[in-house]
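Shown below: target.txt, with compact mmCIF, C-alpha atoms and all ligand atoms.
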# COMPACT_ATOMS: atom_id res chain seq x y z
CA MET A 790 -20.66 1.83 -11.75
CA THR A 791 -17.57 0.17 -13.18
CA ASP A 792 -15.14 1.03 -10.41
CA THR A 793 -16.14 -1.69 -7.99
CA ASN A 794 -13.42 -3.78 -6.40
CA GLU A 795 -14.69 -6.78 -8.33
CA ALA A 796 -14.69 -4.98 -11.69
CA LEU A 797 -11.20 -3.59 -11.16
CA PHE A 798 -9.93 -7.00 -10.05
CA GLU A 799 -11.30 -8.55 -13.25
CA ARG A 800 -9.71 -5.82 -15.38
CA GLY A 801 -6.45 -6.07 -13.48
CA LYS A 802 -6.29 -9.84 -13.85
CA LEU A 803 -6.35 -9.47 -17.64
CA VAL A 804 -3.22 -7.35 -17.68
CA MET A 805 -1.29 -8.26 -14.50
CA PRO A 806 -0.64 -11.72 -13.03
CA GLY A 807 -3.21 -12.18 -10.28
CA GLY A 808 -4.36 -8.61 -10.94
CA VAL A 809 -1.57 -7.26 -8.75
CA ASN A 810 2.02 -6.04 -8.71
CA SER A 811 3.06 -8.01 -5.62
CA PRO A 812 1.59 -11.47 -4.97
CA VAL A 813 0.25 -11.15 -1.41
CA ARG A 814 -2.05 -8.30 -2.49
CA SER A 815 -4.11 -10.71 -4.60
CA PHE A 816 -5.85 -12.19 -1.49
CA ARG A 817 -4.79 -15.63 -2.76
CA SER A 818 -4.08 -16.91 0.73
CA VAL A 819 -7.23 -15.52 2.38
CA GLY A 820 -9.64 -15.81 -0.55
CA GLY A 821 -11.98 -13.16 -1.90
CA THR A 822 -11.53 -9.91 -3.76
CA PRO A 823 -8.93 -7.34 -2.74
CA TYR A 824 -10.10 -3.84 -1.94
CA PHE A 825 -8.74 -1.33 -4.46
CA VAL A 826 -7.58 1.75 -2.60
CA ALA A 827 -8.91 5.09 -3.83
CA HIS A 828 -7.33 7.25 -1.14
CA ALA A 829 -5.91 7.06 2.35
CA GLU A 830 -5.29 9.40 5.25
CA GLY A 831 -3.73 8.76 8.65
CA PRO A 832 -4.79 5.34 9.95
CA TYR A 833 -7.45 4.82 7.24
CA VAL A 834 -7.62 3.53 3.69
CA THR A 835 -10.78 4.00 1.63
CA ASP A 836 -11.53 1.76 -1.31
CA VAL A 837 -13.08 2.61 -4.68
CA GLU A 838 -16.53 1.70 -3.33
CA GLY A 839 -16.20 4.25 -0.54
CA THR A 840 -15.64 1.71 2.26
CA ARG A 841 -13.18 2.93 4.88
CA TYR A 842 -10.89 0.61 6.84
CA ILE A 843 -8.61 1.13 9.81
CA ASP A 844 -5.36 0.09 8.14
CA TYR A 845 -2.72 -2.05 9.84
CA VAL A 846 -1.01 -2.91 6.55
CA GLN A 847 0.44 0.58 6.10
CA SER A 848 2.15 -0.60 2.93
CA TYR A 849 3.97 -3.25 5.04
CA GLY A 850 6.00 -0.70 6.94
CA PRO A 851 6.57 2.61 5.18
CA GLY A 852 3.46 4.18 6.72
CA ILE A 853 4.91 4.77 10.18
CA LEU A 854 3.32 8.25 10.34
CA GLY A 855 0.09 7.06 8.75
CA HIS A 856 -1.03 7.80 5.21
CA ALA A 857 -0.66 11.14 3.46
CA HIS A 858 0.98 12.93 6.37
CA PRO A 859 0.81 16.67 5.60
CA LYS A 860 4.50 17.24 6.32
CA VAL A 861 5.52 14.43 3.97
CA LEU A 862 3.15 15.59 1.24
CA GLU A 863 4.45 19.12 1.52
CA ALA A 864 8.04 17.90 1.15
CA VAL A 865 7.23 15.70 -1.85
CA ILE A 866 5.27 18.43 -3.64
CA ALA A 867 8.02 20.98 -3.06
CA ALA A 868 10.62 18.53 -4.37
CA ALA A 869 8.53 17.56 -7.41
CA ALA A 870 8.21 21.18 -8.45
CA LYS A 871 12.00 21.35 -8.79
CA GLY A 872 12.25 18.34 -11.08
CA THR A 873 11.83 14.64 -10.42
CA THR A 874 15.13 13.01 -11.39
CA PHE A 875 18.43 14.28 -12.72
CA GLY A 876 21.08 11.58 -12.93
CA ALA A 877 23.26 13.93 -10.90
CA PRO A 878 23.72 14.19 -7.14
CA THR A 879 21.51 16.40 -4.97
CA LEU A 880 21.46 18.04 -1.55
CA GLY A 881 18.58 15.77 -0.47
CA GLU A 882 20.66 12.63 -0.91
CA VAL A 883 23.48 14.01 1.22
CA GLU A 884 21.03 15.09 3.91
CA LEU A 885 19.20 11.76 4.01
CA ALA A 886 22.48 9.82 4.09
CA GLU A 887 23.77 12.03 6.93
CA GLU A 888 20.52 11.58 8.86
CA LEU A 889 20.54 7.79 8.48
CA ALA A 890 24.21 7.47 9.42
CA SER A 891 23.78 9.73 12.45
CA ARG A 892 21.18 7.39 13.95
CA ILE A 893 22.90 4.04 13.66
CA SER A 894 26.06 3.33 15.57
CA GLY A 895 28.68 1.97 13.16
CA LEU A 896 26.86 2.97 9.98
CA GLU A 897 29.44 5.33 8.51
CA MET A 898 28.69 5.24 4.78
CA LEU A 899 25.76 4.09 2.76
CA ARG A 900 24.21 3.85 -0.68
CA LEU A 901 20.61 4.66 -1.46
CA THR A 902 18.73 2.26 -3.74
CA SER A 903 15.11 2.17 -4.86
CA SER A 904 13.94 -0.90 -2.91
CA GLY A 905 14.76 -3.17 0.00
CA THR A 906 15.39 -5.98 -2.47
CA GLU A 907 18.17 -3.99 -4.12
CA ALA A 908 19.59 -3.07 -0.74
CA ALA A 909 19.83 -6.67 0.47
CA MET A 910 21.10 -7.90 -2.89
CA SER A 911 23.79 -5.25 -2.98
CA ALA A 912 24.78 -5.89 0.63
CA ILE A 913 25.36 -9.56 -0.23
CA ARG A 914 27.46 -8.62 -3.26
CA LEU A 915 29.47 -6.25 -1.10
CA ALA A 916 30.07 -8.90 1.57
CA ARG A 917 31.26 -11.35 -1.07
CA GLY A 918 33.48 -8.72 -2.63
CA VAL A 919 35.02 -7.75 0.70
CA THR A 920 35.67 -11.29 1.95
CA GLY A 921 36.47 -12.94 -1.38
CA ARG A 922 34.16 -15.76 -0.27
CA ASP A 923 30.92 -17.04 -1.84
CA THR A 924 28.72 -18.73 0.77
CA VAL A 925 25.69 -16.94 2.18
CA ILE A 926 23.86 -18.23 5.23
CA LYS A 927 20.25 -17.14 5.63
CA PHE A 928 17.51 -18.26 8.01
CA ALA A 929 14.31 -20.06 7.09
CA GLY A 930 11.36 -17.69 7.22
CA CYS A 931 13.46 -14.55 6.88
CA TYR A 932 12.66 -12.52 3.79
CA HIS A 933 15.29 -10.39 2.10
CA GLY A 934 13.45 -9.36 -1.04
CA HIS A 935 13.18 -11.25 -4.30
CA THR A 936 16.79 -11.55 -5.40
CA ASP A 937 17.61 -15.08 -6.69
CA SER A 938 20.17 -16.12 -4.10
CA LEU A 939 18.00 -15.09 -1.13
CA LEU A 940 14.57 -16.45 -2.11
CA ALA A 941 15.11 -19.91 -0.65
CA ALA A 942 12.81 -20.50 2.34
CA GLY A 943 11.83 -16.84 2.42
CA GLY A 944 8.76 -15.92 4.47
CA SER A 945 6.18 -13.31 3.51
CA GLY A 946 4.68 -13.59 0.04
CA ILE A 947 6.77 -16.64 -0.77
CA ALA A 948 5.40 -18.52 2.22
CA ASN A 949 1.93 -17.39 1.19
CA GLN A 950 2.35 -18.86 -2.27
CA GLY A 951 3.31 -22.21 -0.82
CA LEU A 952 6.63 -22.17 -2.67
CA SER A 953 9.94 -23.00 -1.05
CA GLY A 954 11.71 -20.64 -3.37
CA SER A 955 10.69 -19.81 -6.90
CA ALA A 956 10.59 -21.33 -10.35
CA GLY A 957 13.11 -19.64 -12.60
CA VAL A 958 15.90 -19.59 -10.03
CA PRO A 959 18.70 -21.74 -11.45
CA ALA A 960 20.42 -24.20 -9.14
CA GLY A 961 23.61 -22.22 -9.63
CA ALA A 962 22.04 -19.11 -8.14
CA VAL A 963 21.38 -20.84 -4.82
CA ALA A 964 24.36 -23.20 -4.87
CA ASP A 965 26.14 -20.92 -2.41
CA THR A 966 23.12 -20.26 -0.19
CA ILE A 967 22.74 -22.22 3.05
CA VAL A 968 19.38 -22.06 4.83
CA ALA A 969 19.53 -22.51 8.60
CA PRO A 970 16.74 -22.58 11.20
CA PHE A 971 16.05 -19.21 12.85
CA ASN A 972 17.13 -18.86 16.46
CA VAL A 973 19.93 -21.43 16.26
CA VAL A 974 23.49 -20.18 15.70
CA PRO A 975 24.68 -22.19 12.68
CA GLU A 976 28.11 -23.63 12.04
CA ILE A 977 30.09 -20.94 10.21
CA ASP A 978 33.26 -21.99 8.40
CA ASP A 979 35.79 -20.01 6.40
CA SER A 980 33.85 -20.35 3.15
CA VAL A 981 31.10 -18.11 4.54
CA ALA A 982 31.06 -14.53 3.24
CA VAL A 983 28.02 -13.34 5.14
CA VAL A 984 25.28 -14.35 7.52
CA ALA A 985 22.07 -12.49 6.69
CA VAL A 986 19.36 -12.17 9.29
CA GLU A 987 16.26 -10.16 10.11
CA PRO A 988 17.15 -9.26 13.71
CA VAL A 989 13.46 -9.59 14.53
CA ALA A 990 11.84 -11.90 12.00
CA ALA A 991 8.82 -10.02 10.67
CA ASN A 992 8.02 -11.89 7.48
CA MET A 993 6.94 -15.16 9.13
CA GLY A 994 4.60 -13.38 11.45
CA LEU A 995 6.57 -11.86 14.28
CA VAL A 996 9.31 -14.06 15.74
CA ALA A 997 11.69 -12.48 18.22
CA PRO A 998 15.29 -13.59 18.46
CA THR A 999 15.82 -15.80 21.49
CA GLU A 1000 18.18 -14.59 24.19
CA GLY A 1001 21.75 -14.73 22.90
CA PHE A 1002 20.92 -15.56 19.26
CA LEU A 1003 22.11 -12.28 17.73
CA ARG A 1004 25.12 -12.06 20.05
CA GLY A 1005 25.90 -15.67 19.15
CA LEU A 1006 25.81 -14.81 15.44
CA ARG A 1007 28.10 -11.84 16.05
CA ASP A 1008 30.66 -14.01 17.87
CA ALA A 1009 30.47 -16.87 15.36
CA CYS A 1010 30.94 -14.47 12.42
CA ASP A 1011 33.93 -12.88 14.13
CA ALA A 1012 35.50 -16.27 14.77
CA ALA A 1013 35.07 -17.30 11.11
CA GLY A 1014 35.95 -13.94 9.52
CA ALA A 1015 32.47 -13.73 8.01
CA LEU A 1016 30.40 -10.55 7.87
CA LEU A 1017 27.11 -10.21 9.71
CA LEU A 1018 24.27 -8.55 7.77
CA PHE A 1019 21.26 -7.16 9.58
CA ASP A 1020 18.36 -6.82 7.19
CA GLU A 1021 16.61 -3.96 8.96
CA VAL A 1022 14.21 -3.16 6.15
CA ILE A 1023 11.39 -3.52 8.69
CA THR A 1024 13.13 -2.97 12.04
CA GLY A 1025 15.25 -0.02 10.92
CA PHE A 1026 14.05 3.34 12.28
CA ARG A 1027 10.93 1.59 13.62
CA LEU A 1028 12.08 -0.60 16.49
CA ALA A 1029 14.05 2.31 17.88
CA ARG A 1030 15.77 5.44 16.64
CA GLY A 1031 18.85 3.30 16.05
CA GLY A 1032 16.87 0.24 14.90
CA ALA A 1033 17.62 -3.30 16.02
CA THR A 1034 21.28 -2.40 16.43
CA GLU A 1035 20.33 -0.08 19.30
CA TRP A 1036 17.49 -2.27 20.62
CA PHE A 1037 19.63 -5.39 21.03
CA GLY A 1038 23.04 -3.78 21.45
CA VAL A 1039 24.54 -5.99 18.76
CA GLN A 1040 26.29 -4.31 15.83
CA PRO A 1041 26.44 -6.03 12.43
CA ASP A 1042 29.05 -5.34 9.74
CA VAL A 1043 26.54 -4.50 7.03
CA TRP A 1044 22.96 -3.21 7.09
CA ALA A 1045 20.07 -3.17 4.66
CA PHE A 1046 17.22 -0.69 5.15
CA GLY A 1047 14.07 0.27 3.27
CA LYS A 1048 10.38 0.92 3.97
CA VAL A 1049 10.36 3.66 6.68
CA ILE A 1050 13.30 5.55 5.20
CA GLY A 1051 11.41 6.37 1.99
CA GLY A 1052 8.37 7.81 3.74
CA GLY A 1053 6.14 5.94 1.28
CA LEU A 1054 8.26 6.45 -1.79
CA PRO A 1055 10.65 3.87 -3.25
CA VAL A 1056 13.89 3.86 -1.22
CA GLY A 1057 16.26 1.26 0.09
CA CYS A 1058 19.72 1.64 1.51
CA TYR A 1059 22.71 -0.48 2.39
CA GLY A 1060 25.68 0.60 4.40
CA ALA A 1061 28.59 -0.32 6.61
CA SER A 1062 31.80 1.11 8.00
CA ARG A 1063 33.81 3.50 5.84
CA GLU A 1064 36.34 0.73 5.31
CA VAL A 1065 33.81 -1.83 4.07
CA MET A 1066 31.92 0.70 1.91
CA GLY A 1067 35.27 1.65 0.38
CA HIS A 1068 34.88 -1.52 -1.70
CA VAL A 1069 31.87 -0.08 -3.53
CA ALA A 1070 32.41 1.50 -6.98
CA PRO A 1071 33.75 4.04 -7.78
CA LEU A 1072 36.03 3.64 -4.71
CA GLY A 1073 36.35 -0.12 -5.10
CA GLY A 1074 35.54 -3.05 -7.33
CA VAL A 1075 32.01 -3.94 -6.19
CA TYR A 1076 29.63 -2.48 -8.77
CA GLN A 1077 26.17 -1.17 -7.93
CA GLY A 1078 24.15 1.73 -9.28
CA GLY A 1079 20.67 2.88 -10.23
CA THR A 1080 18.96 5.38 -12.53
CA LEU A 1081 16.51 6.46 -9.83
CA SER A 1082 18.72 5.78 -6.79
CA GLY A 1083 18.52 8.71 -4.37
CA ASN A 1084 15.52 10.07 -6.24
CA PRO A 1085 14.74 13.62 -5.04
CA LEU A 1086 11.06 12.95 -4.26
CA ALA A 1087 11.97 9.86 -2.28
CA THR A 1088 14.76 11.53 -0.32
CA ALA A 1089 12.42 14.44 0.50
CA ALA A 1090 9.74 12.04 1.78
CA GLY A 1091 12.30 10.06 3.76
CA LEU A 1092 13.80 13.14 5.38
CA ALA A 1093 10.39 14.57 6.26
CA THR A 1094 9.48 11.25 7.87
CA LEU A 1095 12.67 10.90 9.88
CA GLU A 1096 12.35 14.49 11.05
CA LEU A 1097 9.16 13.51 12.86
CA LEU A 1098 10.68 10.34 14.31
CA ASP A 1099 12.33 11.86 17.36
CA ALA A 1100 12.89 10.19 20.73
CA ASP A 1101 9.31 10.94 21.85
CA ALA A 1102 7.91 9.33 18.71
CA TYR A 1103 9.52 6.00 19.61
CA VAL A 1104 8.09 6.09 23.12
CA GLU A 1105 4.69 6.80 21.57
CA LEU A 1106 5.03 4.02 18.96
CA ASP A 1107 5.81 1.54 21.71
CA ARG A 1108 2.86 2.75 23.77
CA ILE A 1109 0.43 2.44 20.84
CA ALA A 1110 1.65 -1.06 19.98
CA THR A 1111 1.36 -2.13 23.62
CA ARG A 1112 -2.20 -0.81 23.82
CA LEU A 1113 -3.10 -2.71 20.65
CA ALA A 1114 -1.39 -5.97 21.62
CA THR A 1115 -2.81 -5.94 25.15
CA GLY A 1116 -6.34 -5.29 23.87
CA MET A 1117 -6.05 -8.01 21.24
CA ARG A 1118 -4.88 -10.57 23.79
CA LYS A 1119 -7.82 -9.79 26.03
CA ALA A 1120 -10.24 -9.99 23.09
CA PHE A 1121 -9.01 -13.46 22.14
CA THR A 1122 -8.98 -14.70 25.73
CA ASP A 1123 -12.54 -13.45 26.27
CA ALA A 1124 -13.69 -15.18 23.11
CA GLY A 1125 -11.91 -18.40 24.07
CA ILE A 1126 -9.75 -18.35 20.94
CA PRO A 1127 -6.21 -19.74 21.28
CA ALA A 1128 -4.17 -16.84 19.93
CA LEU A 1129 -0.79 -15.29 20.54
CA VAL A 1130 0.03 -11.65 20.01
CA PRO A 1131 3.81 -11.35 20.15
CA GLN A 1132 5.19 -7.84 20.49
CA VAL A 1133 8.69 -6.43 20.18
CA GLY A 1134 8.46 -2.70 20.83
CA PRO A 1135 6.38 -1.18 18.01
CA LEU A 1136 6.13 -4.53 16.15
CA VAL A 1137 3.02 -6.66 16.71
CA GLY A 1138 2.28 -10.16 15.37
CA LEU A 1139 -0.67 -12.52 15.43
CA PHE A 1140 -0.70 -16.33 15.56
CA PHE A 1141 -3.76 -18.51 16.06
CA GLY A 1142 -2.09 -21.20 18.13
CA ASP A 1143 -1.23 -22.26 21.69
CA ALA A 1144 2.53 -21.89 21.83
CA GLU A 1145 4.57 -18.98 20.52
CA PRO A 1146 6.63 -20.18 17.54
CA THR A 1147 10.38 -19.60 17.52
CA ASN A 1148 11.17 -20.71 13.96
CA PHE A 1149 9.63 -21.12 10.50
CA ASP A 1150 8.59 -24.77 10.92
CA GLU A 1151 6.62 -23.90 14.04
CA VAL A 1152 5.16 -20.83 12.33
CA LYS A 1153 3.97 -22.81 9.31
CA LEU A 1154 2.06 -25.30 11.46
CA ILE A 1155 0.07 -22.43 12.93
CA ALA A 1156 -0.19 -20.25 9.82
CA GLU A 1157 -1.66 -23.07 7.75
CA ASN A 1158 -4.35 -24.07 10.27
CA GLY A 1159 -6.98 -22.05 8.41
CA VAL A 1160 -7.99 -19.69 11.22
CA TYR A 1161 -6.28 -16.54 9.94
CA PRO A 1162 -8.30 -16.23 6.69
CA ARG A 1163 -11.57 -16.52 8.66
CA PHE A 1164 -10.49 -13.89 11.17
CA PHE A 1165 -9.16 -11.68 8.38
CA HIS A 1166 -12.54 -11.55 6.64
CA GLU A 1167 -14.49 -11.11 9.87
CA VAL A 1168 -12.46 -8.00 10.76
CA LEU A 1169 -12.35 -6.71 7.18
CA GLN A 1170 -16.12 -6.69 6.83
CA ARG A 1171 -16.28 -4.76 10.12
CA GLY A 1172 -13.76 -2.16 8.98
CA VAL A 1173 -10.26 -3.29 9.97
CA ALA A 1174 -7.69 -4.14 7.29
CA LEU A 1175 -5.04 -6.63 8.34
CA ALA A 1176 -2.47 -7.99 5.89
CA PRO A 1177 -4.09 -10.55 3.58
CA GLY A 1178 -1.83 -13.41 4.66
CA PRO A 1179 -0.88 -15.23 7.87
CA TYR A 1180 2.86 -14.58 7.51
CA GLU A 1181 2.69 -10.80 7.82
CA ILE A 1182 2.63 -8.58 10.90
CA LEU A 1183 0.60 -5.57 12.03
CA PHE A 1184 2.01 -2.08 11.55
CA PRO A 1185 0.52 0.21 14.19
CA GLY A 1186 1.93 3.70 13.70
CA LEU A 1187 1.75 7.22 15.00
CA ALA A 1188 -1.59 7.85 13.23
CA HIS A 1189 -3.31 5.10 15.24
CA THR A 1190 -4.78 7.20 18.03
CA ASP A 1191 -6.10 5.59 21.20
CA ALA A 1192 -9.65 5.92 19.88
CA VAL A 1193 -8.70 4.19 16.63
CA VAL A 1194 -6.84 1.43 18.45
CA ASP A 1195 -9.77 0.89 20.83
CA GLU A 1196 -12.22 0.72 17.93
CA SER A 1197 -9.96 -1.86 16.24
CA ILE A 1198 -9.86 -3.94 19.41
CA GLU A 1199 -13.66 -3.82 19.68
CA ILE A 1200 -13.94 -5.01 16.08
CA MET A 1201 -11.37 -7.76 16.64
CA SER A 1202 -13.28 -8.82 19.73
CA GLU A 1203 -16.52 -9.15 17.73
CA ALA A 1204 -14.65 -11.03 15.02
CA ALA A 1205 -13.07 -13.37 17.56
CA HIS A 1206 -16.50 -14.18 18.98
CA ALA A 1207 -17.80 -14.74 15.45
CA ILE A 1208 -15.20 -17.41 14.70
CA ALA A 1209 -15.18 -18.96 18.19
C1 LIG B 1 10.13 -5.78 2.52
C2 LIG B 1 11.42 -6.41 2.85
C3 LIG B 1 12.47 -6.50 1.91
C4 LIG B 1 12.28 -6.13 0.48
O1 LIG B 1 12.01 -4.78 0.30
P1 LIG B 1 11.28 -4.30 -1.05
O2 LIG B 1 11.26 -2.82 -0.94
O3 LIG B 1 9.92 -4.94 -1.05
O4 LIG B 1 12.09 -4.78 -2.20
C5 LIG B 1 13.68 -7.00 2.33
N1 LIG B 1 13.88 -7.38 3.61
C6 LIG B 1 12.91 -7.32 4.53
C7 LIG B 1 13.20 -7.72 5.94
C8 LIG B 1 11.64 -6.85 4.19
O5 LIG B 1 10.66 -6.83 5.10
Would you give me this structure, written as structure tokens?
Amino acid sequence: MTDTNEALFERGKLVMPGGVNSPVRSFRSVGGTPYFVAHAEGPYVTDVEGTRYIDYVQSYGPGILGHAHPKVLEAVIAAAAKGTTFGAPTLGEVELAEELASRISGLEMLRLTSSGTEAAMSAIRLARGVTGRDTVIKFAGCYHGHTDSLLAAGGSGIANQGLSGSAGVPAGAVADTIVAPFNVVPEIDDSVAVVAVEPVAANMGLVAPTEGFLRGLRDACDAAGALLLFDEVITGFRLARGGATEWFGVQPDVWAFGKVIGGGLPVGCYGASREVMGHVAPLGGVYQGGTLSGNPLATAAGLATLELLDADAYVELDRIATRLATGMRKAFTDAGIPALVPQVGPLVGLFFGDAEPTNFDEVKLIAENGVYPRFFHEVLQRGVALAPGPYEILFPGLAHTDAVVDESIEIMSEAAHAIA
């Protein structure tokens, strides 16, 4: 039998750095051998050795309906049969754009891209083009994809690699980037083009904005004539039908989306008011494009996904996440393990510490205490897949039935006792 996880990892490592196409997947920060997925359905992934896991990774967000949802598959297969990419506009793009815009108050026009990275990168370029200013303020621990100017003090995989940014990013590329602590409204002067923020930080574990933080950013940006960018690649269409904008009642000038809106295929999107988007080529001077942007398979998967995300779905998502978070808290308390399970609506985090962190420095102290990797392996060997790194969150979705959630909690309880 050659298709063991170990054998595939060895083969992969010969032809891909770390054997993977995105660093966190390599298990570097938890140790061990990654499971190679053979197939997945609903809340489960099954590896090449036939081991099935209850999956809370869900591709880090896209899997809001669970894996291989029949309605999404049907849409993708039907689209594929008509051709996979044309380099010409399609009905699907118009429909997806209309659907996205209809859900978010203030989002009047948008561009589809093929990843969240492209969306955030393009949103920054747009903000600079609109304001004629260069400076970007971002927050430590917030991740906006792997574009040069936004890598500094990013969370997620960058935090996992123990790097503050990345080799290969020239000083010039970050010369106009200011990194501020999350949850403190920074000084914003008239050199600032844009303030980029994850409205709920979900790439340094889960860190909610403190009361008044987002409103404070809105007011400070207005006072300085800077644009406010909500990177809703995780929160968009997950936190609520209208994303963080609806949840918090604070409207940014520019948005970046991704993950959920592609239904598991590669899609990102950035958008703004009609006036601001009027600066994007061919209407204006800010260039951005893409060979596969608005790809017909991806738009079909995205539309099929959003179709199922009605008002009831968001009530259900919240209920599932609450059941999971409540059960996890009880499991840790019963085992005598100091752990925090922050929750913002459908988003659930996990920190092995005593006090809930509010910024990246506080997160790092907890994330590096060595407990997460032990817990990760204890639950994995019992059949629950969490993200292989302490800076990620859990992604409960509509496929996680009560029975599945309860089984996960039971497994986490056993694991908590094992490491106590
Ligand atoms: C995942 C993520 C991105 C990057 O999206 P990709 O599709 O991985 O390029 C950007 N911002 C946030 C908040 C994310 O979580």
(message) Show me which residues line ligand LIG 1 (chain B), defined as having an atom within 10 Å of a ligand atom where all atoms listed in the file count, and present them as number ranges by chain.
(response) A: 811, 848-851, 902-910, 931-936, 939, 943-946, 986-993, 1019-1025, 1045-1048, 1051, 1054-1058, 1181
(request) For Val826 of chain A, please output as a list in words all residues within 7 Å (counting only C-alpha atoms; exclusion window: fewer than 6 positions along the same chain). (result) Val834, Thr835, Asp836 and Val837 of chain A
(request) Find the residue from A:Ala1100, A:Met805, A:Ala1114, A:Val1065 that sits nearest to Leu1028 of chain A; use all atoms listed in the file when measuring. (result)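 Residue with the minimum atom-to-atom distance to Leu1028 of chain A: A:Ala1100.
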(message) So that I can see what lies close to Pro823 of chain A, please list as a ChimeraX atom specification the residues with an atom at most 9 Å from it, counting all atoms listed in the file and leaving out residues fewer than 4 positions away in the same chain.
(response) /A:794-795,798,814-816,1177
(request) Counting all atoms listed in the file, note down every residue that has an atom within 10 Å of the point (7.9, 8.3, 18.9) (file coordinates), as a VMD selection string. (result) chain A and resid 853 to 854 1027 1029 to 1030 1097 to 1109 1135 1186 to 1187
(request) For Pro998 of chain A, work out the shell of residues within 12 Å, counting all atoms listed in the file and skipping chain neighbours fewer than 6 positions away, then give it as a list in words. (result) Phe928, Cys931, Pro970, Phe971, Asn972, Val973, Val974, Val986, Glu987, Pro988, Val989, Ala990, Ala991, Arg1004, Gly1005, Leu1006, Ala1033, Trp1036, Phe1037, Val1039, Pro1131, Gln1132, Val1133, Pro1146, Thr1147 and Asn1148 of chain A
(message) Env of Ser1197 of chain A: 10 Å cut, atoms = only C-alpha atoms, seq-sep filter 4 positions within chain, self excluded. Answer as a list in words.
(response) Tyr842, Ile843, Asp844, Tyr845, Leu1113, Gly1116, Met1117, Val1168, Arg1171, Gly1172, Val1173, Ala1174, His1189, Asp1191, Ala1192, Val1193, Met1201, Ser1202 and Glu1203 of chain A
(request) Compute the distance from (22.3, 7.5, -0.7) to each atom, counting only C-alpha atoms, keep the residues with any atom at most 7 Å away, and return them as a list of chain:residue names; use the coordinates of the file. (result)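 Selection result: A:Glu882, A:Val883, A:Ala886, A:Leu899, A:Arg900, A:Leu901, A:Cys1058, A:Gly1083.
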(request) Quote the spacing between atom CA of Gly954 of chain A and atom CA of Gly1142 of chain A in Å to one decimal place. (result) 25.6 Å
(request) Can you pull out every residue within 8 Å of Gly831 of chain A, counting all atoms listed in the file, but drop anything in the same chain fewer than 3 positions away, and send it as a PyMOL selection string? (result) chain A and resi 854-858+1188-1189
(message) One decimal, in Å: what's the spacing between atom CA of Arg892 of chain A and atom CA of Thr879 of chain A?
(response)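 Atom CA of Thr879 of chain A lies 21.0 Å from atom CA of Arg892 of chain A.
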(request) Please measure the separation of atom CA of Pro1185 of chain A and atom CA of Ile1200 of chain A, giving the value in Å to one decimal. (result)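 Between these atoms lies a distance of 15.5 Å.
Of the residues listed (A:Ala997, A:Val819, A:Ala867, A:Val958), A:Val819 shows the shortest atom-to-atom separation from Phe1164 of chain A; distances use all atoms listed in the file.
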Axis-aligned box for all listed atoms of segment 822-832 of chain A, 3 Å per side, centre and edges in Å to one decimal, as AutoDock Vina command-line options:
--center_x -7.6 --center_y -0.3 --center_z 2.7 --size_x 13.8 --size_y 25.3 --size_z 20.4
(request) Choose the residue, out of A:Ile1198, A:Leu1018, A:Ala877, A:Val919, that has the smallest atom-to-atom separation from Ser1082 of chain A; count all atoms listed in the file. (result) A:Ala877
